[in-house]
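Okay, coords_7.txt is below, compact mmCIF, C-alpha atoms (C1' of nucleotides):
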# COMPACT_ATOMS: atom_id res chain seq x y z
CA MET A 406 19.97 9.40 -24.07
CA ALA A 407 19.20 10.72 -20.61
CA LYS A 408 20.45 8.53 -17.81
CA LYS A 409 17.72 6.63 -16.09
CA LEU A 410 17.53 7.72 -12.51
CA THR A 411 16.38 5.74 -9.55
CA PHE A 412 14.37 7.26 -6.74
CA GLY A 413 17.42 7.39 -4.55
CA GLY A 414 19.61 8.94 -7.22
CA ARG A 415 17.11 11.65 -7.99
CA LEU A 416 16.62 12.38 -4.33
CA ARG A 417 20.34 12.85 -3.84
CA GLU A 418 20.48 15.18 -6.83
CA LEU A 419 17.73 17.30 -5.40
CA ARG A 420 19.26 17.40 -1.95
CA LEU A 421 22.67 18.38 -3.22
CA ALA A 422 21.15 21.06 -5.42
CA LYS A 423 19.72 22.58 -2.24
CA LYS A 424 23.06 22.18 -0.49
CA LEU A 425 21.62 20.33 2.44
CA SER A 426 23.30 17.59 4.42
CA GLN A 427 21.45 14.35 5.01
CA ARG A 428 21.06 15.33 8.66
CA GLU A 429 19.57 18.69 7.84
CA LEU A 430 17.13 17.36 5.31
CA ALA A 431 16.11 14.41 7.46
CA ASP A 432 15.45 16.68 10.43
CA LYS A 433 13.30 19.04 8.43
CA VAL A 434 11.33 16.20 6.95
CA ALA A 435 10.96 14.65 10.39
CA SER A 436 9.45 17.81 11.85
CA ARG A 437 7.05 18.14 8.95
CA LEU A 438 5.94 14.58 9.55
CA LYS A 439 5.63 14.72 13.30
CA GLU A 440 2.73 17.10 13.00
CA ASP A 441 0.13 14.63 11.83
CA ASP A 442 1.95 11.37 11.43
CA ARG A 443 3.66 9.48 14.21
CA ARG A 444 6.58 8.42 12.10
CA GLY A 445 10.08 9.76 12.12
CA PHE A 446 12.74 10.26 9.53
CA ASP A 447 16.30 9.52 10.48
CA PHE A 448 19.29 10.65 8.41
CA THR A 449 20.69 7.14 8.27
CA TYR A 450 17.44 6.06 6.74
CA LEU A 451 17.81 8.80 4.16
CA SER A 452 21.32 7.59 3.41
CA LYS A 453 20.12 4.09 2.64
CA ILE A 454 17.35 5.40 0.47
CA GLU A 455 19.68 7.60 -1.54
CA ASN A 456 21.83 4.56 -2.21
CA ASP A 457 18.81 2.45 -3.08
CA ARG A 458 19.62 0.07 -0.29
CA LEU A 459 16.08 0.40 1.00
CA PRO A 460 12.89 0.98 -0.98
CA PRO A 461 11.46 4.51 -1.16
CA PRO A 462 9.76 5.73 2.01
CA SER A 463 6.06 6.13 2.66
CA THR A 464 3.92 8.49 0.61
CA PRO A 465 3.69 11.12 3.38
CA ALA A 466 7.47 11.09 3.65
CA ILE A 467 7.85 11.52 -0.08
CA LEU A 468 5.47 14.47 -0.01
CA ALA A 469 7.42 16.04 2.82
CA LEU A 470 10.67 15.53 0.95
CA ALA A 471 9.27 17.10 -2.20
CA ALA A 472 7.97 20.07 -0.24
CA GLU A 473 11.26 20.58 1.53
CA LEU A 474 13.21 20.36 -1.71
CA ASP A 475 10.79 22.44 -3.81
CA ALA A 476 10.55 19.46 -6.10
CA ASP A 477 7.73 17.99 -8.13
CA SER A 478 6.03 15.50 -5.87
CA ASP A 479 4.48 13.68 -8.81
CA GLU A 480 7.89 12.97 -10.25
CA LEU A 481 9.14 11.51 -7.00
CA LEU A 482 6.00 9.52 -6.40
CA ALA A 483 6.26 8.15 -9.92
CA LEU A 484 9.87 7.12 -9.40
CA ALA A 485 8.73 5.43 -6.21
CA GLY A 486 6.02 3.60 -8.15
CA LYS A 487 3.21 5.18 -6.14
CA ALA A 488 0.16 7.03 -7.36
CA PRO A 489 -0.41 10.58 -6.09
CA PRO A 490 -2.96 10.41 -3.31
CA ASP A 491 -5.49 12.71 -4.90
CA VAL A 492 -5.38 10.83 -8.16
CA GLY A 493 -6.07 7.68 -6.21
CA ASP A 494 -9.07 9.36 -4.60
CA GLU A 495 -10.41 10.43 -7.96
CA LEU A 496 -10.22 6.87 -9.25
CA ARG A 497 -11.89 5.61 -6.14
CA LYS A 498 -14.78 8.05 -6.27
CA LYS A 499 -15.57 8.43 -9.94
CA GLU A 500 -16.59 5.48 -11.95
CA GLY A 501 -15.98 7.44 -15.14
CA ALA A 502 -12.38 8.02 -14.15
CA ARG A 503 -11.90 4.33 -13.56
CA VAL A 504 -13.35 3.33 -16.90
CA PHE A 505 -11.27 5.92 -18.65
CA PHE A 506 -8.11 4.83 -16.94
CA ARG A 507 -8.76 1.20 -17.81
CA SER A 508 -9.20 1.88 -21.50
CA ALA A 509 -6.30 4.28 -21.63
CA THR A 510 -3.83 1.86 -20.10
CA GLN A 511 -5.05 -1.03 -22.18
CA GLN A 512 -4.41 0.97 -25.31
CA ASN A 513 -0.89 1.67 -24.16
CA LEU A 514 -0.92 5.25 -25.39
CA THR A 515 2.13 7.07 -26.65
CA GLU A 516 3.31 10.34 -25.20
CA ALA A 517 1.90 12.15 -28.22
CA GLU A 518 -1.51 10.63 -27.65
CA TRP A 519 -1.47 11.65 -24.00
CA GLN A 520 -0.75 15.14 -25.18
CA ARG A 521 -3.72 15.08 -27.48
CA LEU A 522 -5.90 14.08 -24.57
CA GLN A 523 -4.40 16.82 -22.52
CA ALA A 524 -5.23 19.31 -25.27
CA TYR A 525 -8.78 18.06 -25.45
CA LEU A 526 -9.13 18.41 -21.70
CA GLU A 527 -7.88 21.95 -22.06
CA ARG A 528 -10.50 22.70 -24.67
CA MET A 529 -13.22 21.23 -22.50
CA ARG A 530 -12.19 23.45 -19.66
CA LYS A 531 -12.30 26.63 -21.68
CA GLU A 532 -15.64 25.85 -23.15
CA GLY A 533 -17.09 24.89 -19.80
CA LYS A 534 -16.05 28.08 -18.07
CA MET B 1456 -31.87 6.19 -4.95
CA ALA B 1457 -29.70 3.13 -5.02
CA LYS B 1458 -28.66 1.86 -1.62
CA LYS B 1459 -25.07 2.55 -0.88
CA LEU B 1460 -23.24 -0.72 -0.49
CA THR B 1461 -20.21 -1.40 1.57
CA PHE B 1462 -17.42 -3.64 0.38
CA GLY B 1463 -18.64 -6.42 2.61
CA GLY B 1464 -22.24 -6.09 1.51
CA ARG B 1465 -21.36 -6.16 -2.14
CA LEU B 1466 -19.11 -9.13 -1.63
CA ARG B 1467 -21.87 -11.07 0.04
CA GLU B 1468 -24.23 -10.23 -2.80
CA LEU B 1469 -21.78 -11.52 -5.34
CA ARG B 1470 -21.09 -14.69 -3.40
CA LEU B 1471 -24.75 -15.51 -2.90
CA ALA B 1472 -25.44 -14.83 -6.56
CA LYS B 1473 -22.93 -17.58 -7.32
CA LYS B 1474 -24.48 -19.83 -4.68
CA LEU B 1475 -21.24 -20.45 -2.88
CA SER B 1476 -20.77 -20.95 0.83
CA GLN B 1477 -18.16 -18.92 2.64
CA ARG B 1478 -16.05 -22.04 2.99
CA GLU B 1479 -16.20 -22.83 -0.70
CA LEU B 1480 -15.35 -19.33 -1.81
CA ALA B 1481 -12.60 -18.89 0.75
CA ASP B 1482 -10.99 -22.17 -0.30
CA LYS B 1483 -11.00 -21.25 -3.96
CA VAL B 1484 -9.55 -17.85 -3.25
CA ALA B 1485 -6.94 -19.42 -1.01
CA SER B 1486 -5.73 -21.76 -3.72
CA ARG B 1487 -5.54 -18.92 -6.22
CA LEU B 1488 -3.43 -16.97 -3.79
CA LYS B 1489 -1.10 -19.75 -2.74
CA GLU B 1490 0.42 -19.82 -6.19
CA ASP B 1491 2.43 -16.63 -5.99
CA ASP B 1492 1.57 -15.12 -2.64
CA ARG B 1493 2.22 -16.77 0.68
CA ARG B 1494 -0.99 -15.58 2.24
CA GLY B 1495 -4.07 -17.61 2.94
CA PHE B 1496 -7.74 -16.88 3.02
CA ASP B 1497 -9.83 -18.44 5.75
CA PHE B 1498 -13.63 -18.58 5.66
CA THR B 1499 -13.89 -16.97 9.07
CA TYR B 1500 -11.95 -14.07 7.70
CA LEU B 1501 -14.39 -13.84 4.82
CA SER B 1502 -17.27 -13.83 7.29
CA LYS B 1503 -15.90 -10.85 9.13
CA ILE B 1504 -15.26 -9.00 5.93
CA GLU B 1505 -18.77 -9.58 4.67
CA ASN B 1506 -20.09 -8.11 7.90
CA ASP B 1507 -17.69 -5.20 7.72
CA ARG B 1508 -16.19 -6.21 11.01
CA LEU B 1509 -12.76 -6.09 9.43
CA PRO B 1510 -11.48 -3.83 6.66
CA PRO B 1511 -11.33 -5.21 3.11
CA PRO B 1512 -8.52 -7.67 2.42
CA SER B 1513 -5.30 -7.09 0.49
CA THR B 1514 -5.31 -6.13 -3.17
CA PRO B 1515 -4.22 -9.60 -4.35
CA ALA B 1516 -7.06 -11.13 -2.35
CA ILE B 1517 -9.56 -8.71 -3.84
CA LEU B 1518 -8.35 -9.58 -7.33
CA ALA B 1519 -8.71 -13.28 -6.57
CA LEU B 1520 -12.20 -12.72 -5.21
CA ALA B 1521 -13.23 -10.77 -8.28
CA ALA B 1522 -11.85 -13.44 -10.56
CA GLU B 1523 -13.60 -16.22 -8.67
CA LEU B 1524 -16.89 -14.36 -8.69
CA ASP B 1525 -16.65 -13.10 -12.28
CA ALA B 1526 -16.97 -9.61 -10.89
CA ASP B 1527 -15.48 -6.28 -11.85
CA SER B 1528 -12.25 -5.97 -9.93
CA ASP B 1529 -12.19 -2.20 -10.30
CA GLU B 1530 -15.54 -1.92 -8.60
CA LEU B 1531 -14.41 -3.99 -5.66
CA LEU B 1532 -11.09 -2.18 -5.41
CA ALA B 1533 -12.93 1.12 -5.44
CA LEU B 1534 -15.28 0.01 -2.68
CA ALA B 1535 -12.22 -1.08 -0.76
CA GLY B 1536 -10.68 2.36 -1.19
CA LYS B 1537 -7.72 1.04 -3.14
CA ALA B 1538 -6.39 2.18 -6.46
CA PRO B 1539 -6.04 -0.44 -9.19
CA PRO B 1540 -2.58 -2.00 -8.93
CA ASP B 1541 -1.32 -0.86 -12.31
CA VAL B 1542 -1.91 2.83 -11.67
CA GLY B 1543 1.52 3.34 -10.22
CA ASP B 1544 3.17 1.59 -13.13
CA GLU B 1545 1.43 3.58 -15.80
CA LEU B 1546 2.15 6.87 -14.11
CA ARG B 1547 5.74 5.88 -13.59
CA LYS B 1548 6.36 5.20 -17.23
CA LYS B 1549 4.51 7.97 -18.99
CA GLU B 1550 5.07 11.56 -18.13
CA GLY B 1551 2.10 12.45 -20.33
CA ALA B 1552 -0.16 10.28 -18.22
CA ARG B 1553 1.06 12.01 -15.08
CA VAL B 1554 0.40 15.47 -16.45
CA PHE B 1555 -2.97 14.45 -17.76
CA PHE B 1556 -4.22 12.92 -14.54
CA ARG B 1557 -2.90 15.82 -12.55
CA SER B 1558 -4.91 18.35 -14.56
CA ALA B 1559 -7.95 16.14 -14.72
CA THR B 1560 -7.95 15.64 -10.99
CA GLN B 1561 -7.49 19.29 -10.26
CA GLN B 1562 -10.40 20.19 -12.48
CA ASN B 1563 -12.64 17.91 -10.50
CA LEU B 1564 -14.46 16.60 -13.53
CA THR B 1565 -18.03 15.38 -13.46
CA GLU B 1566 -19.02 11.91 -14.55
CA ALA B 1567 -20.34 13.37 -17.79
CA GLU B 1568 -17.03 15.00 -18.52
CA TRP B 1569 -15.17 11.76 -17.90
CA GLN B 1570 -17.51 10.17 -20.39
CA ARG B 1571 -16.69 12.80 -22.97
CA LEU B 1572 -13.03 12.02 -22.52
CA GLN B 1573 -13.76 8.38 -22.86
CA ALA B 1574 -15.59 9.05 -26.11
CA TYR B 1575 -12.69 11.07 -27.40
CA LEU B 1576 -10.30 8.28 -26.54
CA GLU B 1577 -12.55 5.92 -28.43
CA ARG B 1578 -12.40 8.16 -31.48
CA MET B 1579 -8.66 8.38 -31.27
CA ARG B 1580 -8.40 4.64 -31.21
CA LYS B 1581 -10.55 4.11 -34.29
CA GLU B 1582 -8.71 6.70 -36.26
CA GLY B 1583 -5.31 5.39 -35.24
CA LYS B 1584 -6.04 1.81 -36.25
C1' DA C 1034 -33.41 -35.32 18.88
C1' DC C 1035 -29.55 -35.32 16.09
C1' DC C 1036 -26.47 -34.25 12.47
C1' DG C 1037 -24.16 -31.84 8.90
C1' DA C 1038 -23.58 -27.62 6.73
C1' DT C 1039 -23.21 -22.92 7.28
C1' DG C 1040 -22.14 -18.60 9.52
C1' DT C 1041 -20.23 -15.74 13.62
C1' DT C 1042 -16.97 -14.31 17.22
C1' DG C 1043 -12.83 -13.33 20.34
C1' DA C 1044 -8.30 -14.13 20.90
C1' DG C 1045 -4.00 -14.96 19.09
C1' DT C 1046 -0.19 -15.12 15.33
C1' DT C 1047 2.93 -13.52 11.78
C1' DG C 1048 5.46 -11.10 8.37
C1' DA C 1049 6.68 -6.98 6.43
C1' DG C 1050 6.94 -2.03 6.04
C1' DA C 1051 9.00 1.67 8.02
C1' DG C 1052 11.87 3.04 10.36
C1' DT C 1053 15.94 3.65 14.84
C1' DC C 1054 20.47 3.24 17.05
C1' DA C 1055 25.29 2.68 17.80
C1' DA C 1056 29.40 2.35 15.61
C1' DC C 1057 32.53 3.31 12.23
C1' DA C 1058 34.84 5.64 7.77
C1' DT C 1059 36.20 9.70 5.34
C1' DC C 1060 37.60 14.18 4.68
C1' DA C 1061 38.47 19.25 5.33
C1' DA C 1062 39.94 22.64 8.36
C1' DT C 1063 42.55 24.03 12.31
C1' DA D 953 46.62 14.67 15.17
C1' DT D 954 42.56 16.35 16.61
C1' DT D 955 38.15 17.94 15.79
C1' DG D 956 33.80 18.48 13.53
C1' DA D 957 30.81 17.60 9.88
C1' DT D 958 29.21 14.31 6.83
C1' DG D 959 28.00 9.78 4.97
C1' DT D 960 27.59 4.54 5.40
C1' DT D 961 26.42 0.12 7.46
C1' DG D 962 24.48 -3.91 10.23
C1' DA D 963 21.59 -5.16 13.59
C1' DC D 964 17.73 -4.32 15.86
C1' DT D 965 12.79 -2.58 17.08
C1' DC D 966 8.06 -1.50 16.70
C1' DT D 967 3.55 -1.31 14.77
C1' DC D 968 -0.04 -2.88 12.24
C1' DA D 969 -2.24 -5.08 8.34
C1' DA D 970 -3.64 -9.33 7.32
C1' DC D 971 -4.67 -12.99 8.53
C1' DT D 972 -5.59 -18.15 11.52
C1' DC D 973 -7.66 -21.07 15.06
C1' DA D 974 -10.82 -22.98 18.33
C1' DA D 975 -15.16 -22.60 19.87
C1' DC D 976 -19.81 -21.71 19.55
C1' DA D 977 -24.70 -20.46 17.33
C1' DT D 978 -28.25 -21.40 13.95
C1' DC D 979 -30.93 -23.91 10.92
C1' DG D 980 -32.76 -27.37 7.54
C1' DG D 981 -33.35 -32.11 6.77
C1' DT D 982 -34.23 -36.79 8.35

File written out as structure tokens:
Amino acid sequence: MAKKLTFGGRLRELRLAKKLSQRELADKVASRLKEDDRRGFDFTYLSKIENDRLPPPSTPAILALAAELDADSDELLALAGKAPPDVGDELRKKEGARVFFRSATQQNLTEAEWQRLQAYLERMRKEGK
Amino acid sequence: MAKKLTFGGRLRELRLAKKLSQRELADKVASRLKEDDRRGFDFTYLSKIENDRLPPPSTPAILALAAELDADSDELLALAGKAPPDVGDELRKKEGARVFFRSATQQNLTEAEWQRLQAYLERMRKEGK
DNA sequence: ACCGATGTTGAGTTGAGAGTCAACATCAAT
DNA sequence: ATTGATGTTGACTCTCAACTCAACATCGGT
């Protein structure tokens, strides 16, 4: 059975795979963030996060990390227990999405059932095009 | 065309429909919150929120308000621009859910399409039972 | 005219999220 | 044994969301 990774553990994996030091990665992330955000990203902060001594960083920081590491931002956001920002927007704007989400979570669907829904969505798309 | 309500406006509607004063409602919400949370809920705060002079309150407070007013918490959360609290959890646990919402969001579905999905989900449930 | 209930406002407080900074430990290479 | 690069840690800071508090305005009832 696959080992269950924490956010920090996965982040370290990804960083090492890219052969970056904490300082390098933190600096790159910091410059990505400085552009719009006013927050920084120190390498000592990264260290604590990798060791799960602090909770995962903010959503913008996670997105910057994923971008820098060519990683799947949804995976990291999920490990951090946060919803992707655009999914959040969709739920905020579309009542239908909200209703759907409510029923889906209440039914506690299996992976197979999610895949069926995915397939149906796929069919809808083709037909609609 | 239906008038577009703000969070504050809708909240006031709901409160008046229940014939509660700001003090009464705020007190009830406060006692609901005190149980787990350490935050309060003052009537003057409620006043400002109803007049949209302050942003909507925290998610726990919105949930308590909805419960006290027998209102739909998803509606209030949506008006407040917040995602329902369990979104992160569901997406964390089920990869299928993540993939599904990603595609659905990217396709920018209409309300009608969300309803079709909802109908399909309904069918799945009946058949699976 | 007064009183109690209700609602509004400006100023102030507080706790937590999101980091920073200085100092130290470890290790490989020279 | 020194140096340079890397990682770890504890203590601190800073900002802002989320409120509270005291004071005042308005209005209906008596």

Distance of atom CA of A:Thr464 from atom CA of A:Arg530, expressed in Å to one decimal place: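 Separation between atom CA of A:Arg530 and atom CA of A:Thr464: 29.9 Å.
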
Write out, as CSV, each residue of chain B that has an atom at most 10 Å from chain C, together with the closest pair of atoms and their distance in Å to one decimal, counting all atoms listed in the file, rows going by chain and rising number.
residue,atom,partner,partner_atom,distance
B:Ser1476,CA,C:DT1039,C1',7.2
B:Gln1477,CA,C:DT1039,C1',7.9
B:Arg1478,CA,C:DT1039,C1',8.4
B:Arg1494,CA,C:DG1048,C1',10.0
B:Phe1498,CA,C:DG1040,C1',9.3
B:Thr1499,CA,C:DT1041,C1',7.9
B:Ser1502,CA,C:DG1040,C1',7.2
B:Lys1503,CA,C:DT1041,C1',7.9
B:Asn1506,CA,C:DT1041,C1',9.5

Expected answer as a VMD selection string: chain B residues within 12 Å of chain A, only C-alpha atoms: chain B and resid 1527 to 1584

At most 9 Å to chain A: residues in chain D, only C-alpha atoms (C1' of nucleotides), as a list in words: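 Therefore, the residues near the partner are DT958, DG959, DT960 and DT961 of chain D.
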
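Reported to one decimal place, the separation of atom CA of A:Gly413 from atom CA of A:Ile454 is 5.4 Å.
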
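Going from atom CA of B:Ala1472 over to atom CA of B:Leu1518, you cover 17.9 Å.
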
Just need the box for stretch 442-450 of chain A, edges along x, y and z, holding every atom the file lists for it with 5 Å tacked onto each side, so centre and edge lengths in Å to one decimal, as AutoDock Vina command-line options.
--center_x 11.3 --center_y 8.7 --center_z 10.5 --size_x 28.7 --size_y 15.3 --size_z 17.5

Atoms are missing here; could stretch 1527-1543 of chain B be completed with N, CA, C and O atoms and written as a PDB file, keeping the file's coordinate frame?
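Heads up, here's the output in result36.pdb:
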ATOM      1  N   ASP B1527     -16.350  -7.358 -11.379  1.00  0.00           N
ATOM      2  CA  ASP B1527     -15.480  -6.280 -11.850  1.00  0.00           C
ATOM      3  C   ASP B1527     -14.486  -5.922 -10.749  1.00  0.00           C
ATOM      4  O   ASP B1527     -14.855  -5.382  -9.715  1.00  0.00           O
ATOM      5  N   SER B1528     -13.230  -6.199 -10.998  1.00  0.00           N
ATOM      6  CA  SER B1528     -12.250  -5.970  -9.930  1.00  0.00           C
ATOM      7  C   SER B1528     -12.118  -4.499  -9.593  1.00  0.00           C
ATOM      8  O   SER B1528     -11.901  -4.135  -8.441  1.00  0.00           O
ATOM      9  N   ASP B1529     -12.281  -3.635 -10.588  1.00  0.00           N
ATOM     10  CA  ASP B1529     -12.190  -2.200 -10.300  1.00  0.00           C
ATOM     11  C   ASP B1529     -13.278  -1.745  -9.347  1.00  0.00           C
ATOM     12  O   ASP B1529     -13.049  -0.902  -8.485  1.00  0.00           O
ATOM     13  N   GLU B1530     -14.456  -2.298  -9.505  1.00  0.00           N
ATOM     14  CA  GLU B1530     -15.540  -1.920  -8.600  1.00  0.00           C
ATOM     15  C   GLU B1530     -15.190  -2.307  -7.173  1.00  0.00           C
ATOM     16  O   GLU B1530     -15.340  -1.508  -6.249  1.00  0.00           O
ATOM     17  N   LEU B1531     -14.729  -3.530  -7.014  1.00  0.00           N
ATOM     18  CA  LEU B1531     -14.410  -3.990  -5.660  1.00  0.00           C
ATOM     19  C   LEU B1531     -13.235  -3.200  -5.079  1.00  0.00           C
ATOM     20  O   LEU B1531     -13.263  -2.809  -3.909  1.00  0.00           O
ATOM     21  N   LEU B1532     -12.237  -2.965  -5.896  1.00  0.00           N
ATOM     22  CA  LEU B1532     -11.090  -2.180  -5.410  1.00  0.00           C
ATOM     23  C   LEU B1532     -11.553  -0.795  -4.988  1.00  0.00           C
ATOM     24  O   LEU B1532     -11.118  -0.271  -3.956  1.00  0.00           O
ATOM     25  N   ALA B1533     -12.439  -0.220  -5.767  1.00  0.00           N
ATOM     26  CA  ALA B1533     -12.930   1.120  -5.440  1.00  0.00           C
ATOM     27  C   ALA B1533     -13.684   1.104  -4.120  1.00  0.00           C
ATOM     28  O   ALA B1533     -13.476   1.967  -3.263  1.00  0.00           O
ATOM     29  N   LEU B1534     -14.546   0.117  -3.942  1.00  0.00           N
ATOM     30  CA  LEU B1534     -15.280   0.010  -2.680  1.00  0.00           C
ATOM     31  C   LEU B1534     -14.318  -0.186  -1.516  1.00  0.00           C
ATOM     32  O   LEU B1534     -14.590   0.233  -0.388  1.00  0.00           O
ATOM     33  N   ALA B1535     -13.206  -0.834  -1.808  1.00  0.00           N
ATOM     34  CA  ALA B1535     -12.220  -1.080  -0.760  1.00  0.00           C
ATOM     35  C   ALA B1535     -11.335   0.130  -0.525  1.00  0.00           C
ATOM     36  O   ALA B1535     -10.504   0.136   0.383  1.00  0.00           O
ATOM     37  N   GLY B1536     -11.510   1.160  -1.349  1.00  0.00           N
ATOM     38  CA  GLY B1536     -10.680   2.360  -1.190  1.00  0.00           C
ATOM     39  C   GLY B1536      -9.269   2.166  -1.670  1.00  0.00           C
ATOM     40  O   GLY B1536      -8.365   2.853  -1.222  1.00  0.00           O
ATOM     41  N   LYS B1537      -9.069   1.235  -2.601  1.00  0.00           N
ATOM     42  CA  LYS B1537      -7.720   1.040  -3.140  1.00  0.00           C
ATOM     43  C   LYS B1537      -7.698   1.395  -4.611  1.00  0.00           C
ATOM     44  O   LYS B1537      -8.677   1.164  -5.321  1.00  0.00           O
ATOM     45  N   ALA B1538      -6.558   1.894  -5.041  1.00  0.00           N
ATOM     46  CA  ALA B1538      -6.390   2.180  -6.460  1.00  0.00           C
ATOM     47  C   ALA B1538      -6.016   0.883  -7.160  1.00  0.00           C
ATOM     48  O   ALA B1538      -5.370   0.027  -6.570  1.00  0.00           O
ATOM     49  N   PRO B1539      -6.431   0.738  -8.421  1.00  0.00           N
ATOM     50  CA  PRO B1539      -6.040  -0.440  -9.190  1.00  0.00           C
ATOM     51  C   PRO B1539      -4.524  -0.566  -9.190  1.00  0.00           C
ATOM     52  O   PRO B1539      -3.818   0.440  -9.225  1.00  0.00           O
ATOM     53  N   PRO B1540      -4.011  -1.773  -9.159  1.00  0.00           N
ATOM     54  CA  PRO B1540      -2.580  -2.000  -8.930  1.00  0.00           C
ATOM     55  C   PRO B1540      -1.693  -1.429 -10.018  1.00  0.00           C
ATOM     56  O   PRO B1540      -0.554  -1.070  -9.746  1.00  0.00           O
ATOM     57  N   ASP B1541      -2.194  -1.313 -11.234  1.00  0.00           N
ATOM     58  CA  ASP B1541      -1.320  -0.860 -12.310  1.00  0.00           C
ATOM     59  C   ASP B1541      -1.256   0.646 -12.443  1.00  0.00           C
ATOM     60  O   ASP B1541      -0.563   1.164 -13.299  1.00  0.00           O
ATOM     61  N   VAL B1542      -1.938   1.364 -11.583  1.00  0.00           N
ATOM     62  CA  VAL B1542      -1.910   2.830 -11.670  1.00  0.00           C
ATOM     63  C   VAL B1542      -0.500   3.352 -11.493  1.00  0.00           C
ATOM     64  O   VAL B1542      -0.017   4.151 -12.288  1.00  0.00           O
ATOM     65  N   GLY B1543       0.159   2.888 -10.476  1.00  0.00           N
ATOM     66  CA  GLY B1543       1.520   3.340 -10.220  1.00  0.00           C
ATOM     67  C   GLY B1543       2.422   3.097 -11.403  1.00  0.00           C
ATOM     68  O   GLY B1543       3.188   3.965 -11.801  1.00  0.00           O
TER      69      GLY B1543
END
